[in-house]
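Student: I am sharing entry.tsv, which consists of TSV, C-alpha atoms:
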chain	number	residue	atom	x	y	z
A	19	MET	CA	22.07	-1.85	-25.78
A	20	THR	CA	22.34	1.78	-24.58
A	21	ASN	CA	22.45	2.74	-20.90
A	22	THR	CA	18.86	4.03	-21.10
A	23	GLN	CA	17.62	0.80	-22.69
A	24	LEU	CA	19.50	-1.22	-20.07
A	25	LYS	CA	17.91	0.83	-17.30
A	26	TYR	CA	14.40	0.23	-18.62
A	27	ALA	CA	15.13	-3.48	-19.13
A	28	LYS	CA	15.85	-3.68	-15.39
A	29	LEU	CA	12.64	-1.79	-14.61
A	30	PHE	CA	10.33	-4.48	-16.08
A	31	PRO	CA	11.00	-7.22	-13.48
A	32	VAL	CA	10.94	-4.63	-10.69
A	33	MET	CA	7.53	-3.38	-11.84
A	34	LEU	CA	6.25	-6.98	-11.97
A	35	CYS	CA	7.31	-7.17	-8.31
A	36	PHE	CA	5.19	-4.06	-7.65
A	37	PHE	CA	2.28	-5.97	-9.20
A	38	ALA	CA	3.01	-8.81	-6.76
A	39	MET	CA	3.02	-6.25	-3.94
A	40	GLY	CA	-0.66	-5.64	-4.70
A	41	PHE	CA	-1.53	-9.27	-3.88
A	42	VAL	CA	-1.91	-8.27	-0.23
A	43	ASP	CA	-5.11	-6.36	-1.07
A	44	LEU	CA	-6.86	-9.62	-1.99
A	45	VAL	CA	-7.34	-10.07	1.77
A	46	GLY	CA	-10.36	-7.75	1.63
A	47	ILE	CA	-12.43	-9.71	-0.88
A	48	ALA	CA	-11.07	-13.08	0.30
A	49	SER	CA	-12.07	-12.46	3.92
A	50	ASN	CA	-15.67	-11.84	2.76
A	51	TYR	CA	-15.74	-15.16	0.91
A	52	VAL	CA	-14.16	-16.99	3.86
A	53	LYS	CA	-16.75	-15.42	6.17
A	54	ALA	CA	-19.55	-16.74	3.95
A	55	ASP	CA	-17.97	-20.19	3.49
A	56	LEU	CA	-17.32	-20.75	7.21
A	57	ASN	CA	-20.28	-18.76	8.63
A	58	LEU	CA	-17.95	-16.54	10.63
A	59	THR	CA	-18.90	-13.51	12.70
A	60	ASP	CA	-17.59	-10.07	11.69
A	61	SER	CA	-15.03	-10.10	14.50
A	62	GLU	CA	-13.73	-13.51	13.40
A	63	ALA	CA	-13.49	-12.44	9.75
A	64	ASN	CA	-11.98	-9.02	10.48
A	65	ILE	CA	-8.87	-10.57	12.02
A	66	PHE	CA	-7.65	-11.44	8.50
A	67	PRO	CA	-7.12	-7.87	7.19
A	68	SER	CA	-5.90	-6.65	10.60
A	69	LEU	CA	-3.07	-9.20	10.46
A	70	VAL	CA	-1.51	-7.37	7.52
A	71	PHE	CA	-0.84	-4.16	9.43
A	72	PHE	CA	0.33	-6.06	12.50
A	73	TRP	CA	3.18	-7.69	10.53
A	74	PHE	CA	4.27	-4.30	9.16
A	75	LEU	CA	4.85	-3.18	12.75
A	76	ILE	CA	6.88	-6.28	13.59
A	77	PHE	CA	8.91	-6.94	10.42
A	78	SER	CA	9.62	-3.58	8.74
A	79	VAL	CA	12.68	-2.45	10.74
A	80	PRO	CA	14.22	-5.97	10.96
A	81	THR	CA	13.86	-6.18	7.16
A	82	GLY	CA	15.85	-2.95	6.82
A	83	ILE	CA	18.60	-4.59	8.90
A	84	LEU	CA	18.39	-7.79	6.83
A	85	MET	CA	18.90	-5.78	3.62
A	86	ASN	CA	22.23	-4.56	4.99
A	87	ARG	CA	23.35	-8.18	5.31
A	88	ILE	CA	22.03	-9.85	2.13
A	89	GLY	CA	21.13	-6.91	-0.15
A	90	ARG	CA	17.85	-5.48	-1.43
A	91	LYS	CA	17.40	-7.77	-4.43
A	92	LYS	CA	17.80	-10.94	-2.36
A	93	THR	CA	15.38	-9.54	0.23
A	94	VAL	CA	12.77	-8.89	-2.49
A	95	MET	CA	13.28	-12.45	-3.76
A	96	LEU	CA	12.81	-13.77	-0.20
A	97	SER	CA	9.57	-11.76	0.06
A	98	LEU	CA	8.33	-13.30	-3.19
A	99	ALA	CA	9.16	-16.78	-1.87
A	100	VAL	CA	7.13	-16.14	1.31
A	101	THR	CA	4.30	-14.73	-0.83
A	102	PHE	CA	4.41	-17.86	-3.01
A	103	VAL	CA	3.97	-20.12	0.04
A	104	SER	CA	1.11	-17.95	1.32
A	105	LEU	CA	-0.71	-18.32	-2.02
A	106	LEU	CA	-0.01	-22.05	-2.21
A	107	ILE	CA	-1.60	-22.93	1.15
A	108	PRO	CA	-5.29	-22.07	0.31
A	109	ILE	CA	-5.23	-24.47	-2.66
A	110	PHE	CA	-5.45	-27.30	-0.11
A	111	GLY	CA	-8.46	-25.94	1.79
A	112	ASP	CA	-10.11	-22.88	3.34
A	113	SER	CA	-10.52	-23.79	7.01
A	114	TYR	CA	-10.13	-20.96	9.52
A	115	GLY	CA	-6.68	-22.14	10.61
A	116	VAL	CA	-5.47	-22.58	7.02
A	117	MET	CA	-6.60	-19.09	5.99
A	118	LEU	CA	-5.16	-17.58	9.17
A	119	CYS	CA	-1.78	-19.10	8.29
A	120	SER	CA	-2.05	-18.00	4.65
A	121	PHE	CA	-2.92	-14.38	5.45
A	122	SER	CA	-0.21	-14.18	8.13
A	123	LEU	CA	2.42	-15.26	5.62
A	124	LEU	CA	0.92	-12.90	3.01
A	125	GLY	CA	1.30	-10.02	5.47
A	126	ILE	CA	4.87	-11.00	6.38
A	127	GLY	CA	5.83	-11.36	2.71
A	128	ASN	CA	4.31	-7.97	1.91
A	129	ALA	CA	6.12	-6.30	4.82
A	130	LEU	CA	9.40	-7.71	3.48
A	131	MET	CA	8.53	-6.62	-0.07
A	132	GLN	CA	7.36	-3.09	0.68
A	133	THR	CA	10.49	-2.46	2.77
A	134	SER	CA	12.97	-3.78	0.18
A	135	LEU	CA	11.39	-3.11	-3.21
A	136	ASN	CA	11.13	0.69	-2.92
A	137	PRO	CA	14.85	1.21	-2.15
A	138	LEU	CA	15.76	-1.40	-4.81
A	139	LEU	CA	14.04	0.85	-7.35
A	140	SER	CA	16.29	3.71	-6.17
A	141	ASN	CA	19.29	1.71	-7.50
A	142	ILE	CA	17.82	2.02	-10.99
A	143	ILE	CA	16.10	5.44	-10.82
A	144	SER	CA	17.49	8.21	-8.65
A	145	GLY	CA	17.22	11.93	-7.95
A	146	ASN	CA	14.14	13.91	-8.94
A	147	LYS	CA	12.77	11.01	-11.06
A	148	LEU	CA	12.46	8.70	-8.04
A	149	ALA	CA	9.08	10.04	-6.80
A	150	SER	CA	7.43	9.62	-10.22
A	151	SER	CA	8.89	6.10	-10.57
A	152	LEU	CA	7.63	5.11	-7.12
A	153	THR	CA	4.22	6.49	-8.07
A	154	PHE	CA	4.20	4.43	-11.27
A	155	GLY	CA	5.06	1.40	-9.15
A	156	GLN	CA	2.06	2.17	-6.95
A	157	PHE	CA	-0.08	2.36	-10.12
A	158	ILE	CA	1.11	-1.15	-11.14
A	159	LYS	CA	0.38	-2.36	-7.59
A	160	ALA	CA	-3.12	-0.86	-7.81
A	161	ILE	CA	-3.87	-2.94	-10.91
A	162	ALA	CA	-3.37	-6.15	-8.91
A	163	SER	CA	-5.54	-4.76	-6.10
A	164	PHE	CA	-8.25	-3.80	-8.61
A	165	LEU	CA	-8.24	-7.19	-10.38
A	166	ALA	CA	-8.44	-9.39	-7.26
A	167	PRO	CA	-12.22	-9.02	-6.62
A	168	TYR	CA	-12.99	-9.72	-10.29
A	169	ILE	CA	-10.81	-12.87	-10.47
A	170	ALA	CA	-12.45	-14.16	-7.27
A	171	MET	CA	-15.91	-13.34	-8.67
A	172	TRP	CA	-15.15	-15.08	-11.98
A	173	GLY	CA	-14.02	-18.12	-10.03
A	174	ALA	CA	-17.08	-18.09	-7.78
A	175	THR	CA	-19.43	-17.88	-10.79
A	176	GLN	CA	-17.43	-20.47	-12.79
A	177	ALA	CA	-16.81	-17.88	-15.52
A	178	MET	CA	-13.24	-19.21	-15.73
A	179	PRO	CA	-11.76	-22.71	-15.15
A	180	THR	CA	-11.37	-23.17	-11.39
A	181	PHE	CA	-10.35	-26.86	-11.05
A	182	GLY	CA	-12.80	-27.19	-8.19
A	183	LEU	CA	-11.36	-24.21	-6.30
A	184	GLY	CA	-14.21	-21.74	-6.92
A	185	TRP	CA	-13.28	-18.25	-5.74
A	186	ARG	CA	-9.96	-19.63	-4.42
A	187	VAL	CA	-8.67	-19.83	-8.02
A	188	LEU	CA	-7.47	-16.31	-7.24
A	189	PHE	CA	-4.56	-17.79	-5.24
A	190	PRO	CA	-2.97	-20.01	-7.94
A	191	VAL	CA	-3.43	-17.27	-10.56
A	192	TYR	CA	-1.42	-14.83	-8.47
A	193	MET	CA	0.97	-17.62	-7.40
A	194	VAL	CA	2.03	-18.11	-11.05
A	195	VAL	CA	2.79	-14.37	-11.30
A	196	ALA	CA	4.91	-14.61	-8.13
A	197	ILE	CA	6.94	-17.46	-9.68
A	198	ILE	CA	7.55	-15.45	-12.86
A	199	ALA	CA	8.54	-12.39	-10.80
A	200	VAL	CA	11.12	-14.22	-8.66
A	201	LEU	CA	12.69	-15.96	-11.69
A	202	TRP	CA	12.83	-12.76	-13.78
A	203	LEU	CA	14.24	-10.64	-10.97
A	204	GLY	CA	16.78	-13.34	-10.11
A	205	ALA	CA	18.05	-13.29	-13.70
A	206	THR	CA	18.33	-9.47	-13.77
A	207	PRO	CA	21.65	-7.94	-12.62
A	208	ILE	CA	21.09	-4.88	-10.42
A	209	GLU	CA	24.09	-3.15	-8.86
A	210	GLU	CA	23.49	-2.01	-5.27
A	211	GLU	CA	25.53	0.39	-3.18
A	212	LYS	CA	27.09	-1.25	-0.15
A	213	PRO	CA	25.92	-0.10	3.32
A	214	ASP	CA	28.58	1.54	5.47
A	215	LYS	CA	27.98	-0.98	8.24
A	216	ALA	CA	25.33	-3.35	9.48
A	217	SER	CA	22.88	-1.51	11.72
A	218	GLY	CA	21.10	-2.80	14.79
A	219	PHE	CA	17.44	-2.41	15.70
A	220	VAL	CA	18.13	0.42	18.17
A	221	ASN	CA	20.27	2.32	15.66
A	222	CYS	CA	17.43	2.15	13.14
A	223	LEU	CA	14.91	3.54	15.61
A	224	LYS	CA	17.37	6.30	16.55
A	225	LEU	CA	16.90	7.69	13.03
A	226	LEU	CA	13.46	8.83	14.20
A	227	GLY	CA	15.43	11.30	16.31
A	228	ARG	CA	16.14	13.24	13.12
A	229	PRO	CA	13.27	15.76	12.88
A	230	PHE	CA	12.64	15.40	9.14
A	231	ILE	CA	12.63	11.57	9.29
A	232	LEU	CA	10.12	11.69	12.16
A	233	LEU	CA	7.95	14.06	10.10
A	234	CYS	CA	8.10	11.62	7.16
A	235	PHE	CA	7.21	8.68	9.43
A	236	LEU	CA	4.15	10.53	10.75
A	237	GLY	CA	3.27	11.52	7.18
A	238	ILE	CA	3.18	7.85	6.14
A	239	MET	CA	0.98	7.05	9.16
A	240	CYS	CA	-1.46	9.81	8.15
A	241	HIS	CA	-1.51	8.67	4.51
A	242	VAL	CA	-2.35	5.06	5.40
A	243	GLY	CA	-4.80	6.15	8.09
A	244	ILE	CA	-6.72	8.26	5.55
A	245	ASP	CA	-6.55	5.40	3.03
A	246	VAL	CA	-7.93	2.70	5.34
A	247	GLY	CA	-10.27	5.20	6.98
A	248	THR	CA	-11.88	6.20	3.68
A	249	ASN	CA	-12.32	2.57	2.64
A	250	THR	CA	-14.19	1.77	5.84
A	251	THR	CA	-16.05	5.05	6.39
A	252	ALA	CA	-17.19	6.06	2.88
A	253	PRO	CA	-19.98	3.43	2.68
A	254	LYS	CA	-21.04	4.21	6.27
A	255	ILE	CA	-21.44	7.91	5.44
A	256	LEU	CA	-23.79	7.05	2.56
A	257	MET	CA	-25.73	4.61	4.75
A	258	GLU	CA	-26.07	7.16	7.57
A	259	ARG	CA	-27.01	10.17	5.44
A	260	MET	CA	-28.73	8.65	2.39
A	261	GLY	CA	-30.33	5.57	3.96
A	262	LEU	CA	-28.62	3.23	1.49
A	263	THR	CA	-28.04	-0.47	2.14
A	264	LEU	CA	-24.49	-1.80	2.43
A	265	ASP	CA	-24.68	-3.33	-1.07
A	266	GLU	CA	-25.77	0.02	-2.51
A	267	ALA	CA	-23.18	2.00	-0.54
A	268	GLY	CA	-20.35	-0.40	-1.42
A	269	PHE	CA	-19.73	1.48	-4.68
A	270	ALA	CA	-18.12	4.23	-2.60
A	271	THR	CA	-15.12	1.99	-1.92
A	272	SER	CA	-14.82	1.08	-5.61
A	273	LEU	CA	-14.98	4.78	-6.51
A	274	TYR	CA	-12.13	5.51	-4.09
A	275	PHE	CA	-9.94	2.78	-5.67
A	276	ILE	CA	-10.75	3.94	-9.20
A	277	PHE	CA	-9.64	7.52	-8.51
A	278	ARG	CA	-6.64	6.37	-6.50
A	279	THR	CA	-5.51	4.25	-9.46
A	280	LEU	CA	-6.07	7.18	-11.86
A	281	GLY	CA	-4.16	9.42	-9.46
A	282	CYS	CA	-1.17	7.07	-9.40
A	283	PHE	CA	-1.06	6.91	-13.20
A	284	SER	CA	-1.42	10.66	-13.73
A	285	GLY	CA	0.97	11.38	-10.85
A	286	ALA	CA	3.73	9.36	-12.49
A	287	ILE	CA	3.44	11.71	-15.50
A	288	ILE	CA	2.85	14.98	-13.63
A	289	LEU	CA	5.82	14.44	-11.29
A	290	GLN	CA	8.06	14.35	-14.36
A	291	LYS	CA	6.98	17.92	-15.13
A	292	ILE	CA	6.57	19.73	-11.79
A	293	SER	CA	8.25	19.63	-8.39
A	294	SER	CA	7.23	17.12	-5.73
A	295	ARG	CA	6.36	19.97	-3.37
A	296	SER	CA	3.96	21.65	-5.79
A	297	PHE	CA	2.14	18.43	-6.58
A	298	PHE	CA	2.02	17.47	-2.91
A	299	ILE	CA	0.31	20.78	-2.08
A	300	VAL	CA	-2.28	20.21	-4.83
A	301	SER	CA	-2.91	16.67	-3.53
A	302	VAL	CA	-3.40	17.81	0.08
A	303	ILE	CA	-5.72	20.65	-0.98
A	304	CYS	CA	-7.87	18.08	-2.84
A	305	MET	CA	-8.23	16.08	0.38
A	306	LEU	CA	-8.86	19.19	2.48
A	307	LEU	CA	-11.70	20.30	0.18
A	308	ALA	CA	-13.11	16.76	0.37
A	309	MET	CA	-13.11	16.78	4.18
A	310	VAL	CA	-14.95	20.13	4.23
A	311	ALA	CA	-17.51	18.77	1.75
A	312	LEU	CA	-18.10	15.65	3.88
A	313	PHE	CA	-18.69	17.85	6.92
A	314	VAL	CA	-21.19	20.26	5.37
A	315	SER	CA	-23.13	18.33	2.72
A	316	ASP	CA	-25.64	15.48	2.73
A	317	ALA	CA	-26.05	15.48	-1.07
A	318	SER	CA	-25.02	12.18	-2.64
A	319	THR	CA	-23.30	13.89	-5.59
A	320	VAL	CA	-21.14	15.99	-3.27
A	321	ILE	CA	-20.27	12.95	-1.12
A	322	TYR	CA	-19.24	10.94	-4.18
A	323	MET	CA	-17.14	13.85	-5.48
A	324	ALA	CA	-15.46	14.15	-2.06
A	325	ILE	CA	-14.59	10.43	-2.03
A	326	ALA	CA	-13.13	10.75	-5.53
A	327	LEU	CA	-11.05	13.77	-4.44
A	328	ILE	CA	-9.66	11.83	-1.47
A	329	GLY	CA	-8.75	8.95	-3.78
A	330	PHE	CA	-6.94	11.24	-6.21
A	331	GLY	CA	-5.31	13.36	-3.52
A	332	ASN	CA	-4.06	10.46	-1.40
A	333	SER	CA	-2.71	8.46	-4.35
A	334	ASN	CA	0.73	10.11	-4.51
A	335	ILE	CA	1.35	11.02	-0.86
A	336	PHE	CA	3.20	7.79	-0.04
A	337	SER	CA	5.57	8.00	-3.01
A	338	ILE	CA	6.55	11.62	-2.37
A	339	VAL	CA	7.04	11.21	1.40
A	340	PHE	CA	8.97	7.96	0.93
A	341	SER	CA	11.28	9.44	-1.73
A	342	GLN	CA	11.86	12.55	0.41
A	343	ALA	CA	12.95	10.34	3.32
A	344	LEU	CA	15.29	8.24	1.14
A	345	LEU	CA	16.89	11.33	-0.40
A	346	ALA	CA	17.31	12.97	3.03
A	347	VAL	CA	19.59	10.20	4.34
A	348	PRO	CA	20.92	8.43	1.22
A	349	GLU	CA	23.57	6.49	3.15
A	350	LYS	CA	20.86	4.84	5.29
A	351	LYS	CA	18.29	3.90	2.63
A	352	ASN	CA	17.69	0.38	3.99
A	353	GLU	CA	17.04	1.54	7.54
A	354	ILE	CA	14.92	4.50	6.37
A	355	SER	CA	12.81	2.18	4.21
A	356	GLY	CA	12.16	-0.08	7.21
A	357	LEU	CA	11.05	2.88	9.33
A	358	MET	CA	8.77	4.32	6.63
A	359	ILE	CA	7.07	0.97	5.99
A	360	MET	CA	6.60	0.55	9.75
A	361	GLY	CA	4.51	3.73	9.46
A	362	LEU	CA	1.89	1.66	7.57
A	363	PHE	CA	0.81	0.64	11.05
A	364	GLY	CA	-1.18	3.87	10.88
A	365	GLY	CA	-3.76	1.71	9.11
A	366	THR	CA	-4.52	0.20	12.50
A	367	VAL	CA	-4.24	3.35	14.64
A	368	PHE	CA	-6.51	5.70	12.66
A	369	PRO	CA	-9.54	3.36	12.34
A	370	LEU	CA	-9.37	2.76	16.11
A	371	PHE	CA	-9.78	6.47	16.88
A	372	MET	CA	-12.29	6.87	14.06
A	373	GLY	CA	-14.41	4.13	15.61
A	374	PHE	CA	-14.47	5.88	18.99
A	375	ALA	CA	-15.29	9.24	17.35
A	376	SER	CA	-18.09	7.87	15.17
A	377	ASP	CA	-19.64	6.06	18.15
A	378	ALA	CA	-19.71	9.39	19.97
A	379	ILE	CA	-21.01	11.79	17.31
A	380	GLY	CA	-21.68	9.77	14.13
A	381	GLN	CA	-19.62	9.55	10.93
A	382	ASN	CA	-18.66	13.24	11.19
A	383	GLY	CA	-16.46	12.12	14.06
A	384	ALA	CA	-14.62	9.69	11.79
A	385	VAL	CA	-14.22	12.42	9.16
A	386	ALA	CA	-12.79	14.72	11.85
A	387	VAL	CA	-10.09	12.16	12.70
A	388	MET	CA	-9.13	11.88	9.01
A	389	ALA	CA	-9.14	15.68	8.76
A	390	VAL	CA	-6.48	15.81	11.49
A	391	GLY	CA	-4.29	13.63	9.26
A	392	VAL	CA	-4.91	15.93	6.28
A	393	ILE	CA	-4.02	19.03	8.35
A	394	TYR	CA	-0.77	17.35	9.41
A	395	LEU	CA	0.08	16.67	5.75
A	396	LEU	CA	-0.60	20.34	5.00
A	397	PHE	CA	1.98	21.23	7.68
A	398	TYR	CA	4.37	18.68	6.16
A	399	THR	CA	4.32	20.54	2.82
A	400	LEU	CA	6.33	23.31	4.49
A	401	LYS	CA	9.17	20.87	5.10
A	402	ILE	CA	9.35	19.25	1.64
A	403	LYS	CA	12.52	19.96	-0.31
A	404	LYS	CA	11.78	21.37	-3.74
Kindly transcribe the structure held in the file into structure tokens.

Tutor:
Amino acid sequence: MTNTQLKYAKLFPVMLCFFAMGFVDLVGIASNYVKADLNLTDSEANIFPSLVFFWFLIFSVPTGILMNRIGRKKTVMLSLAVTFVSLLIPIFGDSYGVMLCSFSLLGIGNALMQTSLNPLLSNIISGNKLASSLTFGQFIKAIASFLAPYIAMWGATQAMPTFGLGWRVLFPVYMVVAIIAVLWLGATPIEEEKPDKASGFVNCLKLLGRPFILLCFLGIMCHVGIDVGTNTTAPKILMERMGLTLDEAGFATSLYFIFRTLGCFSGAIILQKISSRSFFIVSVICMLLAMVALFVSDASTVIYMAIALIGFGNSNIFSIVFSQALLAVPEKKNEISGLMIMGLFGGTVFPLFMGFASDAIGQNGAVAVMAVGVIYLLFYTLKIKK
């Protein structure tokens, strides 16, 4: 087997782990089913998705430190084990306490996985190919996110064997994939560079004192803020301006995911051909045009086109910013990964400000908050290394 064939053989189990990374997005559709099953209020049901971002804040940097002690591959395998347990629990019931425990573990497992899997990929793919490989990983992850609502729906309508689980058949289906992923990765030899020394929590946070790393951290926060913000605000814009019901406006979220998935797939190819900086500029301009369109137009066609542009434009931001940060301090990849994943906490910060702004002046206020994130990313393009 040639070196190239060996490299791609190692990529398959890693990409299956990226698929497992997408399991965390089942929390959206699952929380709706749990709300219906248990007759929960919105505030009671909304705690499930919010848990995910909370665990990123708590576990990302400690995971970077853990990788220095046990290695990236073992940390990914640990994350898959935690994910397996989180998917096992709902098989035995769907009480509020049971689902709270399941989603907490799912968030913890995903925080461990997102922190360790991206730098593990850098042991197989390096240099200017890293951004496109990370983007392809995000495309694989998006497939799992896209499939989750359909598997749950098939289970709920008995269109597939559910063994009495109904929509909860989603959990054992993904649990089997997690088992395959941990066994396949465990059997795959991946050589990792050794860290210079084990870092402490304070030393990791000190890396934010490096201007470019701080810029990358804020870039990740803006990316996730725009992502979560669009998912929550797009249907509200259509309801406010077009008078649609929530069921009718819900397609806006699906449209965003469709174009984000297409963006990840095309980005993995485009980044092989052009520089990260050039593609990043194009992506940010797409989002900037979308924000302007959302401000000035009430036409449904324009609003849908704007949502699609945000989906496409935001699809590759994470991969490029993350790879730029890893390449900037290659001797501290584990710690840098922990800091960048901690930036996913932006998914909590942005919607908070968007809520205040929309209460004050309507959905244009929420769009304005997202536009601030887009303008920051435009500034960030000046700092990207070609």

Student: Determine, counting only C-alpha atoms, which protein, DNA and RNA residues have an atom within 10 Å of an atom of Val302 of chain A; residues of the same chain fewer than 6 positions away are not included. Present the result as JSON, numbers by chain.

Tutor: {"A": [308, 327, 328, 330, 331, 332, 334, 335, 392, 393, 394, 395, 396, 397, 398, 399]}

Student: Here is a test: counting only C-alpha atoms, which residue of A:Phe368, A:Pro167, A:Cys35, A:Asn221 is nearest to Ile197 of chain A?

Tutor: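 The closest residue to Ile197 of chain A is A:Cys35.
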
Student: Using all atoms listed in the file for the distances, tell me which of A:Ala160, A:Leu56, A:Val94, A:Val385 is nearest to Cys282 of chain A.

Tutor: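 Closest to Cys282 of chain A, using all atoms listed in the file: A:Ala160.
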
Student: Considering all atoms listed in the file, return as a VMD selection string whatever protein or nucleic-acid residues lie within 10 Å of Pro190 of chain A, sequence-local ones (same chain, fewer than 3 positions apart) excluded.

Tutor: chain A and resid 102 105 to 109 180 183 186 to 187 193 to 196

Student: With C-alpha atoms kept, could you save the residues just selected as an mmCIF file, in the frame of the given file?

Tutor:
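Done, and the output landed in result-v9.cif:
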data_model
loop_
_atom_site.group_PDB
_atom_site.id
_atom_site.type_symbol
_atom_site.label_atom_id
_atom_site.label_comp_id
_atom_site.auth_asym_id
_atom_site.auth_seq_id
_atom_site.Cartn_x
_atom_site.Cartn_y
_atom_site.Cartn_z
ATOM 1 C CA PHE A 102 4.410 -17.860 -3.010
ATOM 2 C CA LEU A 105 -0.710 -18.320 -2.020
ATOM 3 C CA LEU A 106 -0.010 -22.050 -2.210
ATOM 4 C CA ILE A 107 -1.600 -22.930 1.150
ATOM 5 C CA PRO A 108 -5.290 -22.070 0.310
ATOM 6 C CA ILE A 109 -5.230 -24.470 -2.660
ATOM 7 C CA THR A 180 -11.370 -23.170 -11.390
ATOM 8 C CA LEU A 183 -11.360 -24.210 -6.300
ATOM 9 C CA ARG A 186 -9.960 -19.630 -4.420
ATOM 10 C CA VAL A 187 -8.670 -19.830 -8.020
ATOM 11 C CA MET A 193 0.970 -17.620 -7.400
ATOM 12 C CA VAL A 194 2.030 -18.110 -11.050
ATOM 13 C CA VAL A 195 2.790 -14.370 -11.300
ATOM 14 C CA ALA A 196 4.910 -14.610 -8.130
#

Student: Near Met239 of chain A, counting all atoms listed in the file, which residues have an atom at most 8 Å away, once you skip same-chain residues fewer than 6 positions from it, shown as a PDB file with C-alpha atoms, in the frame of the given file?

Tutor:
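Result file is result30.pdb:
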ATOM      1  CA  GLY A 361       4.510   3.730   9.460  1.00  0.00           C
ATOM      2  CA  LEU A 362       1.890   1.660   7.570  1.00  0.00           C
ATOM      3  CA  PHE A 363       0.810   0.640  11.050  1.00  0.00           C
ATOM      4  CA  GLY A 364      -1.180   3.870  10.880  1.00  0.00           C
ATOM      5  CA  GLY A 365      -3.760   1.710   9.110  1.00  0.00           C
TER       6      GLY A 365
END

Student: So how far away is atom CA of Ser120 of chain A from atom CA of Ser104 of chain A, in Å?

Tutor: 4.6 Å

Student: To one decimal place, how far is atom CA of Ala317 of chain A from atom CA of Val246 of chain A in Å?

Tutor: 23.1 Å

Student: Just the number, please: distance in Å from atom CA of Leu123 of chain A to atom CA of Trp73 of chain A, one decimal.

Tutor: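 Computing the Euclidean distance for atom CA of Leu123 of chain A and atom CA of Trp73 of chain A yields 9.1 Å.
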
Student: Could you name the residues that touch Cys240 of chain A at 7 Å or less, counting all atoms listed in the file, but leaving out those on the same chain fewer than 4 positions away, as JSON, numbers by chain?

Tutor: {"A": [236, 244, 364, 391]}

Student: Considering all atoms listed in the file, state which residue in the set A:Ile402, A:Val200, A:Cys304, A:Ile65 is at the smallest distance from Thr93 of chain A.

Tutor: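 Comparing A:Ile402, A:Val200, A:Cys304, A:Ile65 against Thr93 of chain A, the winner is A:Val200.
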
Student: Please determine, counting all atoms listed in the file, which residue among A:Leu370, A:Thr279, A:Ala252, A:Asn57 has the shortest atom-to-atom distance to Glu266 of chain A.

Tutor: A:Ala252

Student: Choose the residue, out of A:Phe157, A:Phe269, A:Tyr192, A:Phe181, that has the smallest atom-to-atom separation from Ile287 of chain A; count all atoms listed in the file.

Tutor: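 Closest to Ile287 of chain A, using all atoms listed in the file: A:Phe157.
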
Student: As a ChimeraX atom specification, please: the residues near Ile359 of chain A (cut-off 9 Å, all atoms listed in the file, same-chain neighbours under 4 positions excluded).

Tutor: /A:74-75,78-79,129,132-133,235,238,340,354-355,363

Student: From the set A:Ile231, A:Ser293, A:Leu148, A:Gln156, which residue has the shortest atom-to-atom contact distance to Arg278 of chain A, counting all atoms listed in the file?

Tutor: A:Gln156

Student: Using all atoms listed in the file, can you list as number ranges by chain the residues within 10 Å of (-17.0, -15.7, -2.7)?

Tutor: A: 47-55, 167, 170-175, 184-186

Student: Residues of segment 262-360 of chain A that have any atom at most 10 Å from an atom of segment 86-92 of chain A: could you tabulate them with the shortest-distance atom pair and the distance in Å to one decimal, using all atoms listed in the file, ordered by chain and increasing number, as JSON lines?

Tutor:
{"residue": "A:Lys350", "atom": "CA", "partner": "A:Asn86", "partner_atom": "CA", "distance": 9.5}
{"residue": "A:Lys351", "atom": "CA", "partner": "A:Asn86", "partner_atom": "CA", "distance": 9.6}
{"residue": "A:Asn352", "atom": "CA", "partner": "A:Asn86", "partner_atom": "CA", "distance": 6.8}
{"residue": "A:Glu353", "atom": "CA", "partner": "A:Asn86", "partner_atom": "CA", "distance": 8.4}
